[in-house]
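Q: This is start-v3.pdb (PDB, C-alpha atoms and all ligand atoms).
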ATOM      1  CA  MET A1140     -84.023 -57.786 -43.740
ATOM      2  CA  ILE A1141     -84.812 -56.457 -40.288
ATOM      3  CA  GLU A1142     -88.437 -56.772 -39.335
ATOM      4  CA  SER A1143     -89.963 -54.805 -36.441
ATOM      5  CA  ILE A1144     -92.804 -56.311 -34.445
ATOM      6  CA  PRO A1145     -94.734 -54.756 -31.545
ATOM      7  CA  THR A1146     -93.215 -55.603 -28.183
ATOM      8  CA  GLU A1147     -95.485 -57.665 -25.955
ATOM      9  CA  PHE A1148     -94.512 -57.081 -22.342
ATOM     10  CA  GLU A1149     -96.687 -58.965 -19.909
ATOM     11  CA  VAL A1150     -96.572 -57.274 -16.508
ATOM     12  CA  LEU A1151     -97.352 -59.759 -13.735
ATOM     13  CA  ASP A1152     -95.974 -57.645 -10.899
ATOM     14  CA  ASP A1153     -95.405 -53.886 -10.603
ATOM     15  CA  ARG A1154     -91.694 -54.526 -10.121
ATOM     16  CA  PHE A1155     -91.495 -55.379 -13.817
ATOM     17  CA  ARG A1156     -92.696 -51.962 -14.988
ATOM     18  CA  THR A1157     -89.276 -50.338 -14.670
ATOM     19  CA  CYS A1158     -87.631 -53.091 -16.703
ATOM     20  CA  ARG A1159     -89.475 -52.558 -19.945
ATOM     21  CA  GLY A1160     -87.948 -50.951 -22.998
ATOM     22  CA  ASP A1161     -88.442 -50.611 -26.731
ATOM     23  CA  PRO A1162     -92.010 -50.617 -28.088
ATOM     24  CA  THR A1163     -90.844 -52.785 -30.950
ATOM     25  CA  VAL A1164     -88.702 -55.883 -31.124
ATOM     26  CA  GLU A1165     -86.340 -56.248 -34.051
ATOM     27  CA  ARG A1166     -86.013 -59.579 -35.773
ATOM     28  CA  LEU A1167     -82.381 -59.307 -36.822
ATOM     29  CA  TYR A1168     -82.260 -62.616 -38.637
ATOM     30  CA  ALA A1169     -84.590 -65.432 -39.613
ATOM     31  CA  GLY A1170     -83.544 -68.639 -41.279
ATOM     32  CA  CYS A1171     -82.157 -70.839 -38.521
ATOM     33  CA  ARG A1172     -83.434 -74.285 -37.738
ATOM     34  CA  TRP A1173     -82.785 -73.962 -34.003
ATOM     35  CA  ALA A1174     -81.032 -70.838 -32.804
ATOM     36  CA  GLU A1175     -79.113 -71.101 -29.522
ATOM     37  CA  GLY A1176     -76.031 -69.994 -27.647
ATOM     38  CA  PRO A1177     -75.739 -66.212 -28.177
ATOM     39  CA  VAL A1178     -72.598 -64.449 -26.952
ATOM     40  CA  TYR A1179     -71.861 -60.752 -27.409
ATOM     41  CA  VAL A1180     -68.255 -59.779 -28.088
ATOM     42  CA  PRO A1181     -67.820 -56.163 -26.942
ATOM     43  CA  GLY A1182     -64.335 -55.750 -28.419
ATOM     44  CA  GLY A1183     -65.644 -56.420 -31.907
ATOM     45  CA  ARG A1184     -69.225 -55.271 -31.375
ATOM     46  CA  TYR A1185     -70.643 -58.446 -32.805
ATOM     47  CA  LEU A1186     -72.792 -61.300 -31.629
ATOM     48  CA  VAL A1187     -72.087 -64.948 -32.334
ATOM     49  CA  TRP A1188     -74.784 -67.563 -32.018
ATOM     50  CA  SER A1189     -75.401 -71.184 -32.961
ATOM     51  CA  ASP A1190     -77.767 -72.693 -35.492
ATOM     52  CA  ILE A1191     -77.361 -76.202 -34.165
ATOM     53  CA  PRO A1192     -79.121 -78.484 -36.717
ATOM     54  CA  ASN A1193     -77.471 -76.586 -39.571
ATOM     55  CA  ASP A1194     -74.080 -77.248 -37.955
ATOM     56  CA  ARG A1195     -73.024 -73.628 -38.104
ATOM     57  CA  MET A1196     -72.409 -70.541 -36.025
ATOM     58  CA  LEU A1197     -73.539 -67.170 -37.299
ATOM     59  CA  ARG A1198     -72.304 -63.653 -36.601
ATOM     60  CA  TRP A1199     -74.357 -60.463 -36.464
ATOM     61  CA  ASP A1200     -72.275 -57.316 -36.830
ATOM     62  CA  GLU A1201     -73.647 -54.451 -34.728
ATOM     63  CA  PRO A1202     -72.270 -51.450 -36.681
ATOM     64  CA  THR A1203     -73.541 -52.724 -40.043
ATOM     65  CA  GLY A1204     -76.328 -55.110 -39.088
ATOM     66  CA  LEU A1205     -74.923 -57.693 -41.466
ATOM     67  CA  VAL A1206     -75.110 -61.405 -40.744
ATOM     68  CA  GLY A1207     -72.591 -63.941 -41.976
ATOM     69  CA  VAL A1208     -71.334 -67.404 -41.183
ATOM     70  CA  PHE A1209     -68.869 -67.390 -38.300
ATOM     71  CA  ARG A1210     -67.971 -71.097 -38.436
ATOM     72  CA  GLN A1211     -69.231 -74.028 -40.473
ATOM     73  CA  PRO A1212     -69.088 -76.838 -39.674
ATOM     74  CA  SER A1213     -69.371 -75.797 -36.065
ATOM     75  CA  ARG A1214     -69.358 -79.369 -34.759
ATOM     76  CA  TYR A1215     -72.959 -78.745 -33.774
ATOM     77  CA  ALA A1216     -71.964 -75.972 -31.391
ATOM     78  CA  ASN A1217     -74.494 -74.901 -28.779
ATOM     79  CA  GLY A1218     -73.789 -72.452 -25.927
ATOM     80  CA  SER A1219     -70.799 -70.116 -25.859
ATOM     81  CA  THR A1220     -69.305 -67.539 -23.536
ATOM     82  CA  LEU A1221     -66.121 -65.483 -23.212
ATOM     83  CA  ASP A1222     -63.331 -66.123 -20.753
ATOM     84  CA  ALA A1223     -61.327 -63.427 -18.972
ATOM     85  CA  GLN A1224     -58.974 -63.149 -21.954
ATOM     86  CA  GLY A1225     -61.885 -62.600 -24.329
ATOM     87  CA  ARG A1226     -61.564 -66.022 -25.920
ATOM     88  CA  LEU A1227     -64.637 -67.889 -27.077
ATOM     89  CA  VAL A1228     -65.495 -70.942 -24.974
ATOM     90  CA  THR A1229     -67.988 -73.194 -26.741
ATOM     91  CA  CYS A1230     -70.030 -76.328 -26.074
ATOM     92  CA  GLU A1231     -69.938 -78.688 -29.044
ATOM     93  CA  HIS A1232     -72.481 -81.491 -29.388
ATOM     94  CA  GLY A1233     -70.640 -83.000 -32.342
ATOM     95  CA  GLU A1234     -67.255 -83.400 -30.664
ATOM     96  CA  ARG A1235     -68.962 -83.893 -27.281
ATOM     97  CA  ARG A1236     -66.605 -81.390 -25.751
ATOM     98  CA  VAL A1237     -66.053 -77.894 -24.429
ATOM     99  CA  SER A1238     -63.592 -76.031 -26.621
ATOM    100  CA  ARG A1239     -61.743 -72.734 -26.605
ATOM    101  CA  THR A1240     -60.993 -70.635 -29.667
ATOM    102  CA  GLU A1241     -57.498 -69.243 -29.204
ATOM    103  CA  HIS A1242     -56.373 -65.791 -30.283
ATOM    104  CA  ASP A1243     -54.653 -67.349 -33.312
ATOM    105  CA  GLY A1244     -57.889 -69.043 -34.390
ATOM    106  CA  SER A1245     -56.944 -72.574 -33.420
ATOM    107  CA  ILE A1246     -59.392 -74.577 -31.328
ATOM    108  CA  THR A1247     -58.344 -76.305 -28.114
ATOM    109  CA  THR A1248     -60.256 -79.063 -26.330
ATOM    110  CA  ILE A1249     -60.827 -78.059 -22.718
ATOM    111  CA  ALA A1250     -62.842 -81.110 -21.661
ATOM    112  CA  ASP A1251     -64.286 -84.080 -23.511
ATOM    113  CA  ARG A1252     -64.105 -86.903 -20.965
ATOM    114  CA  VAL A1253     -64.612 -87.575 -17.310
ATOM    115  CA  ALA A1254     -62.963 -90.642 -15.773
ATOM    116  CA  GLY A1255     -62.254 -91.925 -19.275
ATOM    117  CA  LYS A1256     -65.862 -91.667 -20.453
ATOM    118  CA  ARG A1257     -67.001 -89.284 -23.159
ATOM    119  CA  LEU A1258     -69.276 -86.442 -22.188
ATOM    120  CA  ASN A1259     -72.843 -86.574 -23.560
ATOM    121  CA  SER A1260     -73.188 -83.252 -25.394
ATOM    122  CA  PRO A1261     -72.208 -80.090 -23.487
ATOM    123  CA  ASN A1262     -75.002 -77.534 -23.757
ATOM    124  CA  ASP A1263     -74.153 -74.280 -22.036
ATOM    125  CA  VAL A1264     -71.160 -72.792 -20.266
ATOM    126  CA  VAL A1265     -70.085 -69.966 -17.974
ATOM    127  CA  VAL A1266     -66.653 -68.852 -16.804
ATOM    128  CA  ARG A1267     -66.113 -67.688 -13.246
ATOM    129  CA  SER A1268     -63.654 -64.908 -12.392
ATOM    130  CA  ASP A1269     -61.271 -67.468 -10.873
ATOM    131  CA  GLY A1270     -60.969 -68.934 -14.374
ATOM    132  CA  SER A1271     -62.947 -72.077 -13.641
ATOM    133  CA  ILE A1272     -65.329 -73.183 -16.387
ATOM    134  CA  TRP A1273     -68.771 -74.526 -15.498
ATOM    135  CA  PHE A1274     -70.993 -76.366 -17.960
ATOM    136  CA  THR A1275     -74.047 -78.570 -18.293
ATOM    137  CA  ASP A1276     -74.080 -81.909 -20.116
ATOM    138  CA  PRO A1277     -77.563 -83.129 -21.072
ATOM    139  CA  ALA A1278     -78.021 -85.670 -23.865
ATOM    140  CA  TYR A1279     -79.813 -83.597 -26.521
ATOM    141  CA  GLY A1280     -76.857 -83.843 -28.877
ATOM    142  CA  ILE A1281     -76.739 -87.654 -28.787
ATOM    143  CA  ASP A1282     -80.466 -88.383 -28.602
ATOM    144  CA  SER A1283     -80.718 -88.220 -32.386
ATOM    145  CA  ASP A1284     -78.818 -86.962 -35.412
ATOM    146  CA  TYR A1285     -80.779 -83.690 -35.416
ATOM    147  CA  GLU A1286     -78.475 -81.739 -33.093
ATOM    148  CA  GLY A1287     -75.356 -83.901 -33.291
ATOM    149  CA  HIS A1288     -74.503 -87.541 -33.725
ATOM    150  CA  GLN A1289     -76.790 -90.168 -32.239
ATOM    151  CA  ALA A1290     -75.021 -92.306 -29.662
ATOM    152  CA  GLU A1291     -75.405 -94.011 -26.325
ATOM    153  CA  SER A1292     -74.420 -92.091 -23.237
ATOM    154  CA  GLU A1293     -71.163 -93.402 -21.818
ATOM    155  CA  ILE A1294     -71.609 -91.621 -18.518
ATOM    156  CA  GLY A1295     -75.248 -92.643 -18.115
ATOM    157  CA  SER A1296     -76.392 -89.426 -16.463
ATOM    158  CA  CYS A1297     -76.696 -85.725 -17.233
ATOM    159  CA  ASN A1298     -74.556 -83.670 -14.886
ATOM    160  CA  VAL A1299     -73.161 -80.242 -14.170
ATOM    161  CA  TYR A1300     -69.353 -79.982 -14.296
ATOM    162  CA  ARG A1301     -66.557 -77.655 -13.233
ATOM    163  CA  ILE A1302     -63.191 -77.445 -14.961
ATOM    164  CA  ASP A1303     -60.428 -76.197 -12.697
ATOM    165  CA  ALA A1304     -58.516 -73.218 -14.037
ATOM    166  CA  VAL A1305     -55.140 -74.429 -12.780
ATOM    167  CA  THR A1306     -55.207 -78.202 -13.074
ATOM    168  CA  GLY A1307     -57.712 -78.543 -15.895
ATOM    169  CA  GLU A1308     -59.469 -81.241 -13.915
ATOM    170  CA  CYS A1309     -63.115 -81.713 -14.892
ATOM    171  CA  ARG A1310     -65.359 -82.947 -12.110
ATOM    172  CA  VAL A1311     -69.037 -83.353 -11.344
ATOM    173  CA  VAL A1312     -70.528 -80.630  -9.152
ATOM    174  CA  ALA A1313     -74.191 -81.708  -9.433
ATOM    175  CA  ASP A1314     -75.471 -85.144 -10.436
ATOM    176  CA  ASP A1315     -79.164 -84.991  -9.600
ATOM    177  CA  PHE A1316     -80.528 -83.381 -12.766
ATOM    178  CA  ALA A1317     -82.704 -84.821 -15.525
ATOM    179  CA  ARG A1318     -81.532 -82.401 -18.241
ATOM    180  CA  PRO A1319     -79.351 -79.564 -16.914
ATOM    181  CA  ASN A1320     -79.285 -76.751 -19.428
ATOM    182  CA  GLY A1321     -78.777 -73.002 -18.905
ATOM    183  CA  LEU A1322     -76.610 -71.737 -16.068
ATOM    184  CA  ALA A1323     -75.526 -68.364 -14.714
ATOM    185  CA  PHE A1324     -73.776 -66.988 -11.648
ATOM    186  CA  SER A1325     -75.120 -64.268  -9.431
ATOM    187  CA  ARG A1326     -73.170 -61.043  -9.757
ATOM    188  CA  ASP A1327     -71.042 -61.775  -6.685
ATOM    189  CA  GLU A1328     -70.592 -65.374  -7.936
ATOM    190  CA  THR A1329     -71.737 -66.890  -4.637
ATOM    191  CA  ALA A1330     -74.807 -68.443  -6.235
ATOM    192  CA  LEU A1331     -75.222 -70.526  -9.385
ATOM    193  CA  TYR A1332     -78.592 -70.825 -11.124
ATOM    194  CA  VAL A1333     -79.124 -73.914 -13.275
ATOM    195  CA  THR A1334     -82.202 -74.837 -15.294
ATOM    196  CA  ASP A1335     -83.423 -78.407 -15.611
ATOM    197  CA  THR A1336     -85.316 -78.620 -18.884
ATOM    198  CA  GLY A1337     -86.193 -82.240 -18.204
ATOM    199  CA  VAL A1338     -88.178 -81.282 -15.117
ATOM    200  CA  GLY A1339     -89.176 -77.756 -16.089
ATOM    201  CA  HIS A1340     -87.727 -75.778 -13.230
ATOM    202  CA  MET A1341     -84.708 -73.720 -12.212
ATOM    203  CA  ARG A1342     -82.584 -74.403  -9.157
ATOM    204  CA  VAL A1343     -80.167 -72.220  -7.213
ATOM    205  CA  PHE A1344     -76.991 -73.437  -5.528
ATOM    206  CA  SER A1345     -74.456 -71.848  -3.220
ATOM    207  CA  VAL A1346     -70.868 -72.029  -4.405
ATOM    208  CA  THR A1347     -68.517 -73.378  -1.746
ATOM    209  CA  ALA A1348     -64.985 -72.138  -1.116
ATOM    210  CA  ASP A1349     -63.471 -75.263  -2.682
ATOM    211  CA  GLY A1350     -65.444 -74.853  -5.896
ATOM    212  CA  GLY A1351     -68.321 -77.169  -5.129
ATOM    213  CA  LEU A1352     -72.048 -76.612  -4.846
ATOM    214  CA  THR A1353     -74.454 -76.903  -1.924
ATOM    215  CA  GLY A1354     -78.185 -76.335  -1.679
ATOM    216  CA  GLY A1355     -79.883 -76.595  -5.026
ATOM    217  CA  GLY A1356     -83.456 -75.870  -4.046
ATOM    218  CA  VAL A1357     -86.040 -74.938  -6.657
ATOM    219  CA  PHE A1358     -85.881 -71.225  -7.465
ATOM    220  CA  ALA A1359     -88.710 -71.116 -10.008
ATOM    221  CA  GLU A1360     -91.064 -73.374 -11.920
ATOM    222  CA  CYS A1361     -91.539 -72.823 -15.631
ATOM    223  CA  SER A1362     -95.106 -71.943 -16.593
ATOM    224  CA  ALA A1363     -94.635 -72.325 -20.353
ATOM    225  CA  GLY A1364     -92.598 -75.173 -21.789
ATOM    226  CA  GLY A1365     -89.241 -75.666 -20.094
ATOM    227  CA  PHE A1366     -86.497 -73.227 -19.183
ATOM    228  CA  ASP A1367     -83.408 -73.183 -21.363
ATOM    229  CA  GLY A1368     -80.760 -70.426 -21.230
ATOM    230  CA  ILE A1369     -80.645 -67.807 -18.453
ATOM    231  CA  ARG A1370     -78.886 -64.513 -17.702
ATOM    232  CA  LEU A1371     -78.945 -62.097 -14.763
ATOM    233  CA  ASP A1372     -79.190 -58.327 -14.739
ATOM    234  CA  THR A1373     -77.408 -55.927 -12.402
ATOM    235  CA  HIS A1374     -80.296 -56.031  -9.911
ATOM    236  CA  GLY A1375     -80.087 -59.791  -9.595
ATOM    237  CA  ARG A1376     -83.206 -60.455 -11.631
ATOM    238  CA  VAL A1377     -83.076 -63.710 -13.562
ATOM    239  CA  TRP A1378     -84.130 -63.663 -17.221
ATOM    240  CA  ALA A1379     -84.984 -67.096 -18.573
ATOM    241  CA  ALA A1380     -85.799 -68.429 -22.026
ATOM    242  CA  ALA A1381     -89.091 -70.335 -22.051
ATOM    243  CA  GLY A1382     -91.771 -71.592 -24.401
ATOM    244  CA  ASP A1383     -93.627 -68.301 -24.876
ATOM    245  CA  GLY A1384     -90.750 -65.840 -24.637
ATOM    246  CA  VAL A1385     -88.423 -64.591 -21.919
ATOM    247  CA  HIS A1386     -89.539 -64.783 -18.269
ATOM    248  CA  CYS A1387     -88.209 -62.307 -15.716
ATOM    249  CA  PHE A1388     -87.864 -63.294 -12.054
ATOM    250  CA  ASP A1389     -87.255 -61.048  -9.099
ATOM    251  CA  PRO A1390     -84.317 -62.210  -6.918
ATOM    252  CA  ASP A1391     -86.946 -63.536  -4.482
ATOM    253  CA  GLY A1392     -88.137 -65.991  -7.162
ATOM    254  CA  THR A1393     -91.361 -64.180  -8.149
ATOM    255  CA  LEU A1394     -92.225 -64.242 -11.842
ATOM    256  CA  ILE A1395     -92.711 -60.493 -12.356
ATOM    257  CA  GLY A1396     -93.105 -60.302 -16.124
ATOM    258  CA  LYS A1397     -92.565 -61.717 -19.543
ATOM    259  CA  LEU A1398     -91.326 -60.575 -22.904
ATOM    260  CA  ARG A1399     -93.577 -62.547 -25.191
ATOM    261  CA  LEU A1400     -92.129 -63.545 -28.544
ATOM    262  CA  PRO A1401     -93.697 -65.210 -31.593
ATOM    263  CA  GLU A1402     -91.495 -68.293 -31.306
ATOM    264  CA  PRO A1403     -90.310 -70.587 -28.502
ATOM    265  CA  THR A1404     -87.074 -69.188 -27.126
ATOM    266  CA  ALA A1405     -83.873 -71.050 -26.348
ATOM    267  CA  ASN A1406     -81.391 -68.561 -24.991
ATOM    268  CA  LEU A1407     -80.546 -64.906 -24.433
ATOM    269  CA  VAL A1408     -77.688 -62.551 -23.706
ATOM    270  CA  PHE A1409     -77.331 -58.908 -22.741
ATOM    271  CA  GLY A1410     -75.118 -57.046 -25.184
ATOM    272  CA  GLY A1411     -74.329 -53.726 -26.716
ATOM    273  CA  LEU A1412     -71.639 -51.617 -25.108
ATOM    274  CA  LYS A1413     -73.990 -50.758 -22.217
ATOM    275  CA  ARG A1414     -75.346 -54.314 -21.924
ATOM    276  CA  ASN A1415     -78.865 -52.947 -22.091
ATOM    277  CA  ARG A1416     -79.652 -54.623 -25.386
ATOM    278  CA  LEU A1417     -81.266 -58.013 -24.988
ATOM    279  CA  PHE A1418     -80.616 -60.569 -27.716
ATOM    280  CA  VAL A1419     -82.814 -63.641 -27.848
ATOM    281  CA  THR A1420     -82.320 -66.770 -29.918
ATOM    282  CA  ALA A1421     -85.780 -68.165 -30.594
ATOM    283  CA  SER A1422     -86.339 -71.145 -32.894
ATOM    284  CA  THR A1423     -85.675 -69.779 -36.394
ATOM    285  CA  SER A1424     -84.763 -66.219 -35.401
ATOM    286  CA  LEU A1425     -82.519 -63.780 -33.587
ATOM    287  CA  TYR A1426     -84.488 -61.000 -31.836
ATOM    288  CA  SER A1427     -83.273 -57.863 -30.076
ATOM    289  CA  LEU A1428     -84.562 -54.876 -28.157
ATOM    290  CA  LEU A1429     -83.297 -52.288 -25.706
ATOM    291  CA  LEU A1430     -84.434 -52.707 -22.102
ATOM    292  CA  ASN A1431     -84.298 -50.373 -19.121
ATOM    293  CA  VAL A1432     -82.004 -52.816 -17.356
ATOM    294  CA  ASN A1433     -78.375 -53.778 -17.833
ATOM    295  CA  GLY A1434     -77.001 -57.273 -17.947
ATOM    296  CA  ALA A1435     -74.766 -58.305 -15.078
ATOM    297  CA  ALA A1436     -71.219 -58.272 -16.286
ATOM    298  CA  ALA A1437     -68.565 -60.735 -15.368
ATOM    299  CA  PRO A1438     -66.008 -59.038 -13.091
ATOM    300  CA  TRP A1439     -63.309 -58.860 -15.781
ATOM    301  CA  GLN A1440     -65.696 -57.002 -18.065
ATOM    302  CA  GLY A1441     -65.822 -54.043 -15.673
TER     303      GLY A1441
HETATM  304 MG    MG B   1     -79.367 -74.595 -23.851
END
Now, as a test, write the supplied structure out as structure tokens.

A:
Amino acid sequence: MIESIPTEFEVLDDRFRTCRGDPTVERLYAGCRWAEGPVYVPGGRYLVWSDIPNDRMLRWDEPTGLVGVFRQPSRYANGSTLDAQGRLVTCEHGERRVSRTEHDGSITTIADRVAGKRLNSPNDVVVRSDGSIWFTDPAYGIDSDYEGHQAESEIGSCNVYRIDAVTGECRVVADDFARPNGLAFSRDETALYVTDTGVGHMRVFSVTADGGLTGGGVFAECSAGGFDGIRLDTHGRVWAAAGDGVHCFDPDGTLIGKLRLPEPTANLVFGGLKRNRLFVTASTSLYSLLLNVNGAAAPWQG
């Protein structure tokens, strides 16, 4: 049953005032152990997200509001996104891989090893317009059996990776993270934001012509818990999941406001056909509200 709760916007800077939206937040679903990885599928008008410890992915149907199981077991799936062909690309803790769900429903492994060593537990993923796939690989899915299968790290570090669209090669693009987690490109794809939950901050890199990263300075420190998933809006503001809700940063790095939620948040995505509906996965629940901003679309999404 949908529950409406009063929206708590915390305005820290006047620039946030124009971003606010609905006076109530809808709790679309409660009953997860740890909700993560939301992705909105415009062609079907549904949202898929992960309930990691329950080893399942759920689907919320926008026209009807109904929620059902999308995939179980999900191999402890975490973050997902869509590629340019509209296929689901998913990080799986259980298989320690990044997978793609094909149009016929079969699942293809895109990357599970680097230099012969198994990945730790891919966490979140984005696809660039050149078809390359970028993902983070912290160890949350092998730390214990809660979010995957407990195991030793074969690689011995938690890195950010890029999978080449043509060759399929998977290579390290950043190796100086404690726990890389959420990641998102700027709208023109020249910058990549990556959160480090192990340290509690977010960094920003420049993308080089050969598909590497330079820079990587701190963009923002997290003032409540640690950052997890992030998304950008069309004005370049960065929206980040944190311990007390969703934090909104101006492109200059200023924390301008928060959407406070009753539970620690893990991830978010802009959806709806206008991408002005924010969906937030937060501990046991999926929340949603309309904002006065629109999520930045990948180039192939128009
Ligand atoms: Mg995450």

Q: Within 12 Å of ligand MG 1 (chain B), which residues show up when you count all atoms listed in the file? List them as a PDB file with C-alpha atoms, in the coordinates of the input, please.

A:
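Below you can see part_12.pdb, which holds the result:
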ATOM      1  CA  TRP A1173     -82.785 -73.962 -34.003  1.00  0.00           C
ATOM      2  CA  ALA A1174     -81.032 -70.838 -32.804  1.00  0.00           C
ATOM      3  CA  GLU A1175     -79.113 -71.101 -29.522  1.00  0.00           C
ATOM      4  CA  GLY A1176     -76.031 -69.994 -27.647  1.00  0.00           C
ATOM      5  CA  PRO A1177     -75.739 -66.212 -28.177  1.00  0.00           C
ATOM      6  CA  TRP A1188     -74.784 -67.563 -32.018  1.00  0.00           C
ATOM      7  CA  SER A1189     -75.401 -71.184 -32.961  1.00  0.00           C
ATOM      8  CA  ASP A1190     -77.767 -72.693 -35.492  1.00  0.00           C
ATOM      9  CA  ILE A1191     -77.361 -76.202 -34.165  1.00  0.00           C
ATOM     10  CA  ALA A1216     -71.964 -75.972 -31.391  1.00  0.00           C
ATOM     11  CA  ASN A1217     -74.494 -74.901 -28.779  1.00  0.00           C
ATOM     12  CA  GLY A1218     -73.789 -72.452 -25.927  1.00  0.00           C
ATOM     13  CA  SER A1219     -70.799 -70.116 -25.859  1.00  0.00           C
ATOM     14  CA  THR A1229     -67.988 -73.194 -26.741  1.00  0.00           C
ATOM     15  CA  CYS A1230     -70.030 -76.328 -26.074  1.00  0.00           C
ATOM     16  CA  GLU A1231     -69.938 -78.688 -29.044  1.00  0.00           C
ATOM     17  CA  HIS A1232     -72.481 -81.491 -29.388  1.00  0.00           C
ATOM     18  CA  SER A1260     -73.188 -83.252 -25.394  1.00  0.00           C
ATOM     19  CA  PRO A1261     -72.208 -80.090 -23.487  1.00  0.00           C
ATOM     20  CA  ASN A1262     -75.002 -77.534 -23.757  1.00  0.00           C
ATOM     21  CA  ASP A1263     -74.153 -74.280 -22.036  1.00  0.00           C
ATOM     22  CA  VAL A1264     -71.160 -72.792 -20.266  1.00  0.00           C
ATOM     23  CA  VAL A1265     -70.085 -69.966 -17.974  1.00  0.00           C
ATOM     24  CA  PHE A1274     -70.993 -76.366 -17.960  1.00  0.00           C
ATOM     25  CA  THR A1275     -74.047 -78.570 -18.293  1.00  0.00           C
ATOM     26  CA  ASP A1276     -74.080 -81.909 -20.116  1.00  0.00           C
ATOM     27  CA  PRO A1277     -77.563 -83.129 -21.072  1.00  0.00           C
ATOM     28  CA  ALA A1278     -78.021 -85.670 -23.865  1.00  0.00           C
ATOM     29  CA  TYR A1279     -79.813 -83.597 -26.521  1.00  0.00           C
ATOM     30  CA  GLY A1280     -76.857 -83.843 -28.877  1.00  0.00           C
ATOM     31  CA  GLU A1286     -78.475 -81.739 -33.093  1.00  0.00           C
ATOM     32  CA  ARG A1318     -81.532 -82.401 -18.241  1.00  0.00           C
ATOM     33  CA  PRO A1319     -79.351 -79.564 -16.914  1.00  0.00           C
ATOM     34  CA  ASN A1320     -79.285 -76.751 -19.428  1.00  0.00           C
ATOM     35  CA  GLY A1321     -78.777 -73.002 -18.905  1.00  0.00           C
ATOM     36  CA  LEU A1322     -76.610 -71.737 -16.068  1.00  0.00           C
ATOM     37  CA  ALA A1323     -75.526 -68.364 -14.714  1.00  0.00           C
ATOM     38  CA  VAL A1333     -79.124 -73.914 -13.275  1.00  0.00           C
ATOM     39  CA  THR A1334     -82.202 -74.837 -15.294  1.00  0.00           C
ATOM     40  CA  ASP A1335     -83.423 -78.407 -15.611  1.00  0.00           C
ATOM     41  CA  THR A1336     -85.316 -78.620 -18.884  1.00  0.00           C
ATOM     42  CA  GLY A1337     -86.193 -82.240 -18.204  1.00  0.00           C
ATOM     43  CA  GLY A1365     -89.241 -75.666 -20.094  1.00  0.00           C
ATOM     44  CA  PHE A1366     -86.497 -73.227 -19.183  1.00  0.00           C
ATOM     45  CA  ASP A1367     -83.408 -73.183 -21.363  1.00  0.00           C
ATOM     46  CA  GLY A1368     -80.760 -70.426 -21.230  1.00  0.00           C
ATOM     47  CA  ILE A1369     -80.645 -67.807 -18.453  1.00  0.00           C
ATOM     48  CA  ARG A1370     -78.886 -64.513 -17.702  1.00  0.00           C
ATOM     49  CA  ALA A1379     -84.984 -67.096 -18.573  1.00  0.00           C
ATOM     50  CA  ALA A1380     -85.799 -68.429 -22.026  1.00  0.00           C
ATOM     51  CA  ALA A1381     -89.091 -70.335 -22.051  1.00  0.00           C
ATOM     52  CA  THR A1404     -87.074 -69.188 -27.126  1.00  0.00           C
ATOM     53  CA  ALA A1405     -83.873 -71.050 -26.348  1.00  0.00           C
ATOM     54  CA  ASN A1406     -81.391 -68.561 -24.991  1.00  0.00           C
ATOM     55  CA  LEU A1407     -80.546 -64.906 -24.433  1.00  0.00           C
ATOM     56  CA  THR A1420     -82.320 -66.770 -29.918  1.00  0.00           C
ATOM     57  CA  ALA A1421     -85.780 -68.165 -30.594  1.00  0.00           C
ATOM     58  CA  SER A1422     -86.339 -71.145 -32.894  1.00  0.00           C
TER      59      SER A1422
END

Q: Rounded to one decimal, what separation in Å do you get between atom CA of Asp1243 of chain A and atom CA of Gln1224 of chain A?

A: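 We find that atom CA of Asp1243 of chain A and atom CA of Gln1224 of chain A lie 12.9 Å from each other.
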
Q: Which neighbours of Cys1387 of chain A fall inside 12 Å, counting all atoms listed in the file, when residues of the same chain fewer than 5 positions from it are skipped, and could you give them as a PyMOL selection string?

A: chain A and resi 1148-1152+1154-1156+1158-1159+1359+1361-1362+1366+1369-1372+1374-1381+1392-1399+1407+1432

Q: Show me, as CSV, the residues of segment 1335-1393 of chain A having an atom within 12 Å of segment 1297-1312 of chain A, each with the closest atom pair and its distance in Å, using only C-alpha atoms.

A:
residue,atom,partner,partner_atom,distance
A:Asp1335,CA,A:Cys1297,CA,10.1
A:Thr1336,CA,A:Cys1297,CA,11.3
A:Gly1337,CA,A:Cys1297,CA,10.2
A:Phe1344,CA,A:Val1312,CA,10.3
A:Ser1345,CA,A:Val1312,CA,11.3
A:Val1346,CA,A:Val1312,CA,9.8
A:Thr1347,CA,A:Val1312,CA,10.6
A:Asp1349,CA,A:Asp1303,CA,10.5
A:Gly1350,CA,A:Arg1301,CA,7.9
A:Gly1351,CA,A:Val1312,CA,5.7
A:Leu1352,CA,A:Val1312,CA,6.1
A:Thr1353,CA,A:Val1312,CA,9.0
A:Gly1354,CA,A:Val1312,CA,11.5
A:Gly1355,CA,A:Val1312,CA,11.0

Q: Taking into account all atoms listed in the file, which residue in the set A:Thr1220, A:Thr1373, A:Ser1424, A:Asn1433 is nearest to Glu1165 of chain A?

A: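 The closest residue to Glu1165 of chain A is A:Ser1424.
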
Q: Can you work out which one of A:Val1357, A:Leu1430, A:Ala1437, A:Ala1313 has the shortest atom-to-atom distance to Ser1268 of chain A, counting all atoms listed in the file?

A: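 Going through A:Val1357, A:Leu1430, A:Ala1437, A:Ala1313 one by one, the smallest distance to Ser1268 of chain A is for A:Ala1437.
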
Q: Tell me which residues come within 6 Å of (-80.3, -58.0, -27.5), as a PDB file with C-alpha atoms, keeping the file's coordinate frame, counting all atoms listed in the file in the file's coordinates.

A:
ATOM      1  CA  PHE A1409     -77.331 -58.908 -22.741  1.00  0.00           C
ATOM      2  CA  GLY A1410     -75.118 -57.046 -25.184  1.00  0.00           C
ATOM      3  CA  ARG A1416     -79.652 -54.623 -25.386  1.00  0.00           C
ATOM      4  CA  LEU A1417     -81.266 -58.013 -24.988  1.00  0.00           C
ATOM      5  CA  PHE A1418     -80.616 -60.569 -27.716  1.00  0.00           C
ATOM      6  CA  SER A1427     -83.273 -57.863 -30.076  1.00  0.00           C
ATOM      7  CA  LEU A1428     -84.562 -54.876 -28.157  1.00  0.00           C
TER       8      LEU A1428
END
